[in-house]
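*Asks:* Sharing a structure, written as structure tokens. Questions coming.
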Amino acid sequence: MSATDPGLGDAATPGTGEVTATVIVNAPAPRVFAAFLSWEKQSEWIPFTKVRVVEGDGGEGSLVEAITAIGPAALRDELRVVKVNAPYEVRVVHCGRFLRGPGSMRCTAMSGDRTQVVLHEWFHLPAGPVGKIAWPVLWPGSKLSFTGALKKFGRLVEQGRLP
């Protein structure tokens with residue numbers, strides 16, 4: 001499966017809402033990569049979010065669902081896994097109703113059994129021109145949220161609490 005498959009439509013093209021987060025994890029890249037691909041365990045490090053594989057085995061072609069709920073408000077994110085290059089990279093396409101656009105997670109091995117993790121997302125902004133105007137206000141919160149989640153992920157991997 002590739003990000004250009006016709007079933008993904010415009011969701012596979014990068015949107016203008018770009019977010020990048022990076023963390024250094026004191027663990028080898030294969031271990032970090034395996035922990036990231038443990039989709040259901042992402043619920044432990046992404047705040048207010050329940051993650052599950054709804055189609056496939058979690059590898060290429062799988063559909064993953066992430067529901068973020070705060071009080072009565074809930075946002076459903078659907079991700080199609082389009083490429084897995086273990087232990088270096090996984091690519092997804094957010095293909096739900098509201099969250100759309102490609103994303104990737106890359107692991108780069110460093111000296112001393114450390115790994116740099118880079119999470120990069122290119123979301124399509126809702127509401128046309130209004131969304132583009134709102135993005136500079138929303139971006140700092142998105143960046144902080146992604147970075148905070150990745151830092152928690154790194155701590156859990158280092159503590160051996162994720163595979």
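Identifiers in the structure tokens: chain A, B, ... in order shown; residue index from 1 per chain; ligand index from 1 in order shown.
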Set the distance at 8 Å and use only C-alpha atoms: which residues neighbour stretch 140-152 of chain A once local chain neighbours fewer than 3 positions away are removed? I'd like the list as a list in words.
*Replies:*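 These residues fall inside the cut-off: Val19, Thr20, Ala21, Thr22, Val23, Trp45, Ile46, Pro47, Pro136, Val137, Arg155 and Leu156 of chain A.
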*Asks:* Determine which residues of chain A DSSP labels as strand (DSSP E or B) from the backbone of this structure, then write them out as an NGL selection string.
*Replies:* :A and (17-25 or 49-55 or 63-70 or 73-85 or 89-95 or 100-110 or 114-123)
*Asks:* Could you give me, as a Markdown table, every stretch 43-119 of chain A residue with an atom at most 9 Å from stretch 26-34 of chain A, plus its closest atom pair and distance in Å to one decimal, counting only C-alpha atoms, rows ordered by chain then number?
*Replies:*
```
| residue | atom | partner | partner_atom | distance |
| --- | --- | --- | --- | --- |
| A:Ala86 | CA | A:Phe33 | CA | 7.0 |
| A:Pro87 | CA | A:Pro30 | CA | 5.0 |
| A:Tyr88 | CA | A:Phe33 | CA | 6.9 |
| A:Glu89 | CA | A:Phe33 | CA | 7.9 |
| A:Val90 | CA | A:Phe33 | CA | 8.7 |
| A:Met105 | CA | A:Phe33 | CA | 8.9 |
| A:Arg106 | CA | A:Phe33 | CA | 8.4 |
| A:Cys107 | CA | A:Ala29 | CA | 6.0 |
| A:Thr108 | CA | A:Ala29 | CA | 6.7 |
| A:Ala109 | CA | A:Ala29 | CA | 5.4 |
| A:Met110 | CA | A:Pro28 | CA | 8.2 |
| A:Gly112 | CA | A:Asn26 | CA | 8.0 |
| A:Asp113 | CA | A:Pro28 | CA | 4.6 |
| A:Arg114 | CA | A:Asn26 | CA | 4.4 |
| A:Thr115 | CA | A:Ala29 | CA | 5.3 |
| A:Gln116 | CA | A:Ala29 | CA | 8.2 |
| A:Val117 | CA | A:Val32 | CA | 8.3 |
```
*Asks:* Selection from above, all heavy atoms, as a tab-separated table (two decimals), in the first residue's frame, can you write it?
*Replies:*
```
chain	number	residue	atom	x	y	z
A	86	ALA	N	10.91	-1.04	9.09
A	86	ALA	CA	11.47	-1.29	10.43
A	86	ALA	C	12.99	-1.39	10.35
A	86	ALA	O	13.52	-1.97	9.40
A	86	ALA	CB	10.89	-2.58	10.99
A	87	PRO	N	13.70	-0.89	11.31
A	87	PRO	CA	13.25	-0.12	12.48
A	87	PRO	C	13.42	1.39	12.30
A	87	PRO	O	13.75	2.10	13.25
A	87	PRO	CB	14.19	-0.62	13.57
A	87	PRO	CG	15.51	-0.79	12.86
A	87	PRO	CD	15.13	-1.25	11.45
A	88	TYR	N	13.19	1.87	11.09
A	88	TYR	CA	13.52	3.26	10.82
A	88	TYR	C	12.33	4.19	10.61
A	88	TYR	O	12.39	5.35	11.01
A	88	TYR	CB	14.43	3.35	9.58
A	88	TYR	CG	15.66	2.50	9.72
A	88	TYR	CD1	15.80	1.34	8.98
A	88	TYR	CD2	16.66	2.84	10.62
A	88	TYR	CE1	16.92	0.54	9.12
A	88	TYR	CE2	17.78	2.04	10.76
A	88	TYR	CZ	17.91	0.89	10.02
A	88	TYR	OH	19.01	0.10	10.18
A	89	GLU	N	11.28	3.73	9.94
A	89	GLU	CA	10.22	4.67	9.58
A	89	GLU	C	8.87	3.97	9.44
A	89	GLU	O	8.80	2.84	8.97
A	89	GLU	CB	10.57	5.35	8.25
A	89	GLU	CG	9.54	6.34	7.77
A	89	GLU	CD	9.89	6.98	6.44
A	89	GLU	OE1	10.47	6.30	5.57
A	89	GLU	OE2	9.58	8.17	6.30
A	90	VAL	N	7.83	4.68	9.86
A	90	VAL	CA	6.46	4.27	9.58
A	90	VAL	C	5.76	5.50	9.00
A	90	VAL	O	5.95	6.61	9.49
A	90	VAL	CB	5.72	3.72	10.81
A	90	VAL	CG1	5.61	4.73	11.92
A	90	VAL	CG2	4.34	3.22	10.43
A	105	MET	N	6.84	8.83	11.23
A	105	MET	CA	7.65	8.74	12.43
A	105	MET	C	8.95	8.08	11.99
A	105	MET	O	8.93	7.03	11.35
A	105	MET	CB	6.96	7.90	13.50
A	105	MET	CG	7.67	7.88	14.85
A	105	MET	SD	9.10	6.76	15.02
A	105	MET	CE	8.39	5.18	14.73
A	106	ARG	N	10.05	8.75	12.31
A	106	ARG	CA	11.36	8.22	11.93
A	106	ARG	C	12.21	8.01	13.17
A	106	ARG	O	12.25	8.85	14.07
A	106	ARG	CB	12.07	9.19	10.99
A	106	ARG	CG	11.43	9.31	9.65
A	106	ARG	CD	12.24	10.20	8.71
A	106	ARG	NE	11.55	10.39	7.46
A	106	ARG	CZ	10.72	11.40	7.21
A	106	ARG	NH1	10.51	12.33	8.11
A	106	ARG	NH2	10.12	11.49	6.04
A	107	CYS	N	12.93	6.88	13.16
A	107	CYS	CA	13.89	6.58	14.22
A	107	CYS	C	15.29	6.61	13.61
A	107	CYS	O	15.54	5.91	12.62
A	107	CYS	CB	13.65	5.18	14.79
A	107	CYS	SG	12.19	5.01	15.79
A	108	THR	N	16.18	7.38	14.20
A	108	THR	CA	17.56	7.44	13.74
A	108	THR	C	18.45	6.98	14.89
A	108	THR	O	18.45	7.60	15.96
A	108	THR	CB	17.94	8.87	13.31
A	108	THR	OG1	17.03	9.31	12.30
A	108	THR	CG2	19.37	8.92	12.80
A	109	ALA	N	19.19	5.89	14.66
A	109	ALA	CA	20.10	5.37	15.68
A	109	ALA	C	21.22	6.38	15.91
A	109	ALA	O	21.74	6.97	14.97
A	109	ALA	CB	20.66	4.03	15.24
A	110	MET	N	21.56	6.54	17.19
A	110	MET	CA	22.65	7.44	17.58
A	110	MET	C	23.65	6.63	18.40
A	110	MET	O	23.37	5.50	18.80
A	110	MET	CB	22.09	8.61	18.41
A	110	MET	CG	21.05	9.43	17.67
A	110	MET	SD	20.24	10.65	18.73
A	110	MET	CE	21.61	11.73	19.09
A	112	GLY	N	25.78	5.28	21.56
A	112	GLY	CA	25.40	4.99	22.94
A	112	GLY	C	24.00	4.41	23.06
A	112	GLY	O	23.33	4.63	24.07
A	113	ASP	N	23.53	3.68	22.06
A	113	ASP	CA	22.19	3.08	22.09
A	113	ASP	C	21.09	4.11	22.33
A	113	ASP	O	20.12	3.86	23.06
A	113	ASP	CB	22.10	1.96	23.13
A	113	ASP	CG	22.49	0.62	22.54
A	113	ASP	OD1	22.52	0.49	21.30
A	113	ASP	OD2	22.74	-0.32	23.33
A	114	ARG	N	21.25	5.28	21.74
A	114	ARG	CA	20.21	6.30	21.80
A	114	ARG	C	19.55	6.39	20.43
A	114	ARG	O	20.13	6.01	19.43
A	114	ARG	CB	20.80	7.66	22.18
A	114	ARG	CG	21.40	7.68	23.58
A	114	ARG	CD	22.05	9.00	23.94
A	114	ARG	NE	22.89	9.49	22.86
A	114	ARG	CZ	22.98	10.78	22.49
A	114	ARG	NH1	22.28	11.70	23.12
A	114	ARG	NH2	23.78	11.15	21.52
A	115	THR	N	18.32	6.91	20.43
A	115	THR	CA	17.56	7.03	19.18
A	115	THR	C	16.89	8.39	19.12
A	115	THR	O	16.25	8.81	20.09
A	115	THR	CB	16.48	5.93	19.10
A	115	THR	OG1	17.11	4.65	19.21
A	115	THR	CG2	15.71	6.01	17.79
A	116	GLN	N	17.04	9.05	17.99
A	116	GLN	CA	16.29	10.28	17.76
A	116	GLN	C	14.98	9.89	17.09
A	116	GLN	O	14.97	9.19	16.08
A	116	GLN	CB	17.06	11.23	16.85
A	116	GLN	CG	16.27	12.51	16.57
A	116	GLN	CD	16.92	13.40	15.54
A	116	GLN	OE1	17.36	12.92	14.50
A	116	GLN	NE2	16.99	14.68	15.83
A	117	VAL	N	13.87	10.35	17.66
A	117	VAL	CA	12.54	10.10	17.10
A	117	VAL	C	12.01	11.43	16.57
A	117	VAL	O	11.99	12.42	17.30
A	117	VAL	CB	11.57	9.54	18.16
A	117	VAL	CG1	10.19	9.33	17.57
A	117	VAL	CG2	12.13	8.24	18.76
```
*Asks:* I need the residues of stretch 15-49 of chain A that end up classed as helix (DSSP H, G or I) by DSSP on the backbone, written out as a VMD selection string.
*Replies:* chain A and resid 29 to 36 39 to 44
*Asks:* Taking 5 positions as the minimum chain separation for residues in the same chain, which residues sit within 6 Å of A:Lys50 when counting only C-alpha atoms? Answer as a short mmCIF file (atom, residue, chain, number, x, y, z; two decimals) with N, CA, C and O atoms, in the first residue's frame.
*Replies:*
```
data_model
loop_
_atom_site.label_atom_id
_atom_site.label_comp_id
_atom_site.auth_asym_id
_atom_site.auth_seq_id
_atom_site.Cartn_x
_atom_site.Cartn_y
_atom_site.Cartn_z
N SER A 43 -2.13 4.63 23.73
CA SER A 43 -3.10 5.19 24.67
C SER A 43 -2.43 5.58 25.99
O SER A 43 -2.94 6.42 26.73
N ALA A 66 -7.92 6.30 16.53
CA ALA A 66 -7.54 6.99 17.77
C ALA A 66 -8.69 7.94 18.12
O ALA A 66 -9.03 8.81 17.33
N ILE A 67 -9.27 7.73 19.28
CA ILE A 67 -10.37 8.59 19.73
C ILE A 67 -9.89 9.39 20.92
O ILE A 67 -9.50 8.83 21.95
#
```
*Asks:* May I have the residues within 12 Å of A:Val92 as a PyMOL selection string, using only C-alpha atoms and disregarding those fewer than 2 positions away in the same chain?
*Replies:* chain A and resi 1-4+8+11-14+37+58-65+77-85+89-90+94-96+100-106+119-123
